[in-house]
Amino acid sequence: MTHRVDTLFRADCEVSTGKGTAVDEQTSTEALLAAAAVGNQQAWDLLVARYARLVWSIARSFRLPEADAADVSQTTWLRLVEHLGSIKDPDRLAGWLATTTRRESIGVLRRRDREVPIFDGPEEEDEDDGQDPESQTIARDEYRELWDAFAGLSEKCRALLRVLSVTPLESYAQIAAALRMPVGSIGPTRARCLDQLRSRLAT
Amino acid sequence: MERNQSLGESVDDAKLLRRIGKMLDEVDPVPGDVLAAARSAFAWRDLDAQLARLVDAEQLVGSATRAHGEHRLLTFEAPGVTVAIEATEINGARKLIGQLVPSGPHHVALESAAQAGQSLNAPVDHLGRFTLSSVPAGLVRLKCVMPDGTQVVTEWVDT
């Protein structure tokens, strides 16, 4: 890995960042973006580690099968490579990734002639149609109860909770905007969905 | 914090949400090859090239002769240059017919995100026109060098 990072450095970046610029899990998103923008592969890898779950959760919340979600994820990260120089604000990064993942997911659904579901959909609990990537058996008993309760929620609730579970609180507004949800409704909806989950857990 | 209140944040909710996150990490984790692909996307970074953004994508329909084929018009723009492409897919074979405005480059290269390090090249005529056949499925982009030495690369697009 290390030599790969080195080969990706260009002479002109070494001046500004230095080959030894240390980045790690504690480095701020802003600093990682800046380092990646001048060619630091390690900073890029850390950004991927930090946001891959967000990108994946959004693609999957569109009920994309694994292969399609994988394509959407790759496209999203390739687009970030293209636009690295123009994103500075770390809060905007979560929103930008969410917006891009959403757009690419909808593109895949359109190409497949499938309905575009979720975030503005009804909150009623729906029947499991077996199409859902989430309908799979869990080997781990630890989460079985939670999973069963979760799987019984409405599609909207599952999608929202899935995405919010990997979203830091400070990025909620960005994510809400990216998912076309009114920012003011995200908190109450989240509370309602969690209450529904709790009552399912209790029974 | 007022903001937290408006978002309905409570300790119990935060805990439950964290459990959901952990459960999903178990049940539907980001696959290893997806993570690897995300990391290697960085190798496509192209500092020296001017990005031509997709400004218009039009699906052409209603042409009886192409009833069984996909037919799209894509337009990319970078400062000083426009790349217009007509993409067709007939029986699974993808083909691009394009034009660079203004003309100038002598050839264009097509890169495929699935095939790093390889490209498909086509000559460009004096009017800026070019044709690429056997275009791979999935994300591709076009690259060319303007007479003043500026490199131009289009956004990735699935033709």
# chains A, B, ... in the order shown; residues from 1 in each chain; ligands from 1

$ interface_residues --of "chain B" --to "chain A" --cutoff "7 Å" --atoms "only C-alpha atoms" --output "PyMOL selection string"
chain B and resi 6-8+13+17-18+20-21+23+27+30+34+37-39+41-42+45

$ select_by_dssp --residues "chain B" --states "alpha helix (DSSP H)" --output "PyMOL selection string"
chain B and resi 2-6+11-27+32-40

$ write_last_selection --atoms "N, CA and C atoms" --output "mmCIF file, in the first residue's frame"
data_model
loop_
_atom_site.group_PDB
_atom_site.id
_atom_site.type_symbol
_atom_site.label_atom_id
_atom_site.label_comp_id
_atom_site.auth_asym_id
_atom_site.auth_seq_id
_atom_site.Cartn_x
_atom_site.Cartn_y
_atom_site.Cartn_z
ATOM 1 N N GLU B 2 -30.328 23.559 21.246
ATOM 2 C CA GLU B 2 -31.626 23.728 20.614
ATOM 3 C C GLU B 2 -31.748 22.875 19.355
ATOM 4 N N ARG B 3 -30.654 22.840 18.608
ATOM 5 C CA ARG B 3 -30.661 22.116 17.346
ATOM 6 C C ARG B 3 -30.944 20.628 17.571
ATOM 7 N N ASN B 4 -30.343 20.109 18.646
ATOM 8 C CA ASN B 4 -30.560 18.700 18.944
ATOM 9 C C ASN B 4 -32.016 18.419 19.286
ATOM 10 N N GLN B 5 -32.615 19.362 20.022
ATOM 11 C CA GLN B 5 -34.016 19.195 20.384
ATOM 12 C C GLN B 5 -34.900 19.147 19.156
ATOM 13 N N SER B 6 -34.610 20.076 18.228
ATOM 14 C CA SER B 6 -35.452 20.150 17.044
ATOM 15 C C SER B 6 -35.283 18.890 16.203
ATOM 16 N N VAL B 11 -31.274 10.465 24.321
ATOM 17 C CA VAL B 11 -30.250 9.451 24.572
ATOM 18 C C VAL B 11 -30.726 8.065 24.107
ATOM 19 N N ASP B 12 -31.984 7.752 24.439
ATOM 20 C CA ASP B 12 -32.520 6.447 24.048
ATOM 21 C C ASP B 12 -32.555 6.273 22.527
ATOM 22 N N ASP B 13 -32.996 7.341 21.862
ATOM 23 C CA ASP B 13 -33.057 7.269 20.402
ATOM 24 C C ASP B 13 -31.667 7.071 19.815
ATOM 25 N N ALA B 14 -30.715 7.811 20.356
ATOM 26 C CA ALA B 14 -29.354 7.701 19.848
ATOM 27 C C ALA B 14 -28.814 6.290 20.052
ATOM 28 N N LYS B 15 -29.135 5.717 21.201
ATOM 29 C CA LYS B 15 -28.666 4.351 21.501
ATOM 30 C C LYS B 15 -29.274 3.336 20.545
ATOM 31 N N LEU B 16 -30.578 3.480 20.348
ATOM 32 C CA LEU B 16 -31.275 2.526 19.482
ATOM 33 C C LEU B 16 -30.756 2.636 18.045
ATOM 34 N N LEU B 17 -30.527 3.874 17.630
ATOM 35 C CA LEU B 17 -30.018 4.092 16.274
ATOM 36 C C LEU B 17 -28.626 3.473 16.114
ATOM 37 N N ARG B 18 -27.836 3.579 17.163
ATOM 38 C CA ARG B 18 -26.490 2.989 17.114
ATOM 39 C C ARG B 18 -26.574 1.464 16.996
ATOM 40 N N ARG B 19 -27.546 0.899 17.715
ATOM 41 C CA ARG B 19 -27.736 -0.561 17.621
ATOM 42 C C ARG B 19 -28.141 -0.970 16.210
ATOM 43 N N ILE B 20 -28.985 -0.143 15.597
ATOM 44 C CA ILE B 20 -29.391 -0.439 14.215
ATOM 45 C C ILE B 20 -28.167 -0.411 13.303
ATOM 46 N N GLY B 21 -27.331 0.601 13.527
ATOM 47 C CA GLY B 21 -26.104 0.698 12.732
ATOM 48 C C GLY B 21 -25.236 -0.541 12.879
ATOM 49 N N LYS B 22 -25.095 -1.003 14.108
ATOM 50 C CA LYS B 22 -24.274 -2.195 14.361
ATOM 51 C C LYS B 22 -24.900 -3.426 13.723
ATOM 52 N N MET B 23 -26.216 -3.505 13.838
ATOM 53 C CA MET B 23 -26.916 -4.643 13.240
ATOM 54 C C MET B 23 -26.697 -4.658 11.726
ATOM 55 N N LEU B 24 -26.824 -3.469 11.096
ATOM 56 C CA LEU B 24 -26.668 -3.424 9.644
ATOM 57 C C LEU B 24 -25.234 -3.734 9.224
ATOM 58 N N ASP B 25 -24.293 -3.355 10.072
ATOM 59 C CA ASP B 25 -22.893 -3.712 9.791
ATOM 60 C C ASP B 25 -22.721 -5.220 9.746
ATOM 61 N N GLU B 26 -23.570 -5.881 10.534
ATOM 62 C CA GLU B 26 -23.518 -7.335 10.610
ATOM 63 C C GLU B 26 -24.282 -7.966 9.441
ATOM 64 N N VAL B 27 -25.475 -7.434 9.192
ATOM 65 C CA VAL B 27 -26.392 -8.036 8.224
ATOM 66 C C VAL B 27 -26.083 -7.611 6.792
ATOM 67 N N GLY B 32 -16.360 -6.063 0.829
ATOM 68 C CA GLY B 32 -14.934 -5.745 0.702
ATOM 69 C C GLY B 32 -14.552 -5.262 -0.686
ATOM 70 N N ASP B 33 -15.152 -5.862 -1.722
ATOM 71 C CA ASP B 33 -14.766 -5.433 -3.076
ATOM 72 C C ASP B 33 -15.323 -4.050 -3.406
ATOM 73 N N VAL B 34 -16.423 -3.675 -2.743
ATOM 74 C CA VAL B 34 -16.975 -2.336 -2.948
ATOM 75 C C VAL B 34 -16.044 -1.293 -2.315
ATOM 76 N N LEU B 35 -15.540 -1.625 -1.135
ATOM 77 C CA LEU B 35 -14.572 -0.738 -0.481
ATOM 78 C C LEU B 35 -13.300 -0.616 -1.320
ATOM 79 N N ALA B 36 -12.841 -1.759 -1.837
ATOM 80 C CA ALA B 36 -11.614 -1.754 -2.643
ATOM 81 C C ALA B 36 -11.807 -0.905 -3.898
ATOM 82 N N ALA B 37 -12.984 -1.028 -4.529
ATOM 83 C CA ALA B 37 -13.266 -0.242 -5.740
ATOM 84 C C ALA B 37 -13.291 1.249 -5.408
ATOM 85 N N ALA B 38 -13.855 1.582 -4.255
ATOM 86 C CA ALA B 38 -13.913 2.992 -3.845
ATOM 87 C C ALA B 38 -12.501 3.548 -3.636
ATOM 88 N N ARG B 39 -11.641 2.725 -3.014
ATOM 89 C CA ARG B 39 -10.270 3.191 -2.796
ATOM 90 C C ARG B 39 -9.531 3.362 -4.114
ATOM 91 N N SER B 40 -9.720 2.409 -5.025
ATOM 92 C CA SER B 40 -8.937 2.494 -6.265
ATOM 93 C C SER B 40 -9.507 3.520 -7.250
#

$ closest_residue --among "A:Arg103, A:Arg63, A:Lys88, A:Arg111" --to "A:Lys156" --atoms "only C-alpha atoms"
A:Arg63

$ select_by_dssp --residues "stretch 3-159 of chain B" --states "strand (DSSP E or B)" --output "PyMOL selection string"
chain B and resi 49-59+70-78+81-90+93-101+107-112+115-123+129-132+139-145+151-154+157-158

$ atom_distance --atom1 "atom CA of B:Cys144" --atom2 "atom CA of B:His107"
6.6 Å

$ atom_distance --atom1 "atom CA of B:Val101" --atom2 "atom CA of B:Ser134"
23.6 Å

$ residues_around --residues "stretch 95-98 of chain B" --least-positions-apart "3" --cutoff "10 Å" --atoms "only C-alpha atoms" --output "ChimeraX atom specification"
/B:71-75,83-90,92,101,108,124,128-136,159

$ atom_distance --atom1 "atom CA of A:Leu64" --atom2 "atom CA of B:Leu142"
28.2 Å

$ decode --residues "stretch 101-125 of chain B" --atoms "N, CA and C atoms" --output "CSV table (one decimal), in the first residue's frame"
chain,number,residue,atom,x,y,z
B,101,VAL,N,-16.4,20.6,-30.7
B,101,VAL,CA,-16.5,21.9,-31.2
B,101,VAL,C,-15.8,22.9,-30.3
B,102,PRO,N,-14.8,23.6,-30.7
B,102,PRO,CA,-14.2,23.6,-32.1
B,102,PRO,C,-13.4,22.3,-32.3
B,103,SER,N,-13.2,22.1,-33.6
B,103,SER,CA,-12.4,20.9,-34.0
B,103,SER,C,-10.9,21.3,-33.6
B,104,GLY,N,-10.0,20.3,-33.7
B,104,GLY,CA,-8.6,20.6,-33.4
B,104,GLY,C,-7.9,19.3,-33.0
B,105,PRO,N,-8.3,18.6,-32.0
B,105,PRO,CA,-7.6,17.4,-31.6
B,105,PRO,C,-7.6,16.4,-32.8
B,106,HIS,N,-6.6,15.6,-32.9
B,106,HIS,CA,-6.5,14.7,-34.0
B,106,HIS,C,-7.0,13.3,-33.7
B,107,HIS,N,-7.1,13.1,-32.4
B,107,HIS,CA,-7.8,11.8,-32.0
B,107,HIS,C,-8.4,12.0,-30.6
B,108,VAL,N,-9.4,11.1,-30.3
B,108,VAL,CA,-10.0,11.0,-28.9
B,108,VAL,C,-9.7,9.6,-28.4
B,109,ALA,N,-9.6,9.6,-27.0
B,109,ALA,CA,-9.4,8.3,-26.4
B,109,ALA,C,-10.6,8.0,-25.5
B,110,LEU,N,-11.1,6.8,-25.5
B,110,LEU,CA,-12.2,6.4,-24.6
B,110,LEU,C,-11.6,5.5,-23.5
B,111,GLU,N,-11.9,5.9,-22.3
B,111,GLU,CA,-11.4,5.1,-21.1
B,111,GLU,C,-12.6,4.4,-20.5
B,112,SER,N,-12.5,3.2,-20.0
B,112,SER,CA,-13.5,2.5,-19.3
B,112,SER,C,-13.1,2.3,-17.9
B,113,ALA,N,-14.1,2.6,-17.0
B,113,ALA,CA,-13.8,2.5,-15.5
B,113,ALA,C,-13.5,1.1,-15.1
B,114,ALA,N,-14.0,0.2,-15.9
B,114,ALA,CA,-13.8,-1.3,-15.6
B,114,ALA,C,-12.4,-1.7,-16.1
B,115,GLN,N,-11.8,-1.0,-17.0
B,115,GLN,CA,-10.5,-1.4,-17.6
B,115,GLN,C,-9.4,-0.3,-17.4
B,116,ALA,N,-8.9,-0.2,-16.2
B,116,ALA,CA,-7.8,0.7,-16.0
B,116,ALA,C,-6.6,0.5,-16.9
B,117,GLY,N,-6.0,1.6,-17.4
B,117,GLY,CA,-4.8,1.4,-18.1
B,117,GLY,C,-5.0,1.1,-19.6
B,118,GLN,N,-6.2,1.0,-20.0
B,118,GLN,CA,-6.4,0.7,-21.4
B,118,GLN,C,-7.3,1.8,-22.0
B,119,SER,N,-7.2,2.1,-23.3
B,119,SER,CA,-8.1,3.0,-23.9
B,119,SER,C,-8.4,2.6,-25.3
B,120,LEU,N,-9.5,3.1,-25.8
B,120,LEU,CA,-9.9,2.9,-27.2
B,120,LEU,C,-9.7,4.2,-27.9
B,121,ASN,N,-9.0,4.2,-29.0
B,121,ASN,CA,-8.7,5.4,-29.7
B,121,ASN,C,-9.4,5.6,-31.0
B,122,ALA,N,-9.7,6.8,-31.4
B,122,ALA,CA,-10.4,7.0,-32.7
B,122,ALA,C,-9.8,8.3,-33.3
B,123,PRO,N,-9.6,8.3,-34.6
B,123,PRO,CA,-9.2,9.6,-35.3
B,123,PRO,C,-10.4,10.6,-35.3
B,124,VAL,N,-10.0,11.9,-35.3
B,124,VAL,CA,-11.0,12.9,-35.4
B,124,VAL,C,-10.8,13.6,-36.7
B,125,ASP,N,-11.8,13.9,-37.5
B,125,ASP,CA,-11.6,14.5,-38.8
B,125,ASP,C,-11.5,16.0,-38.7
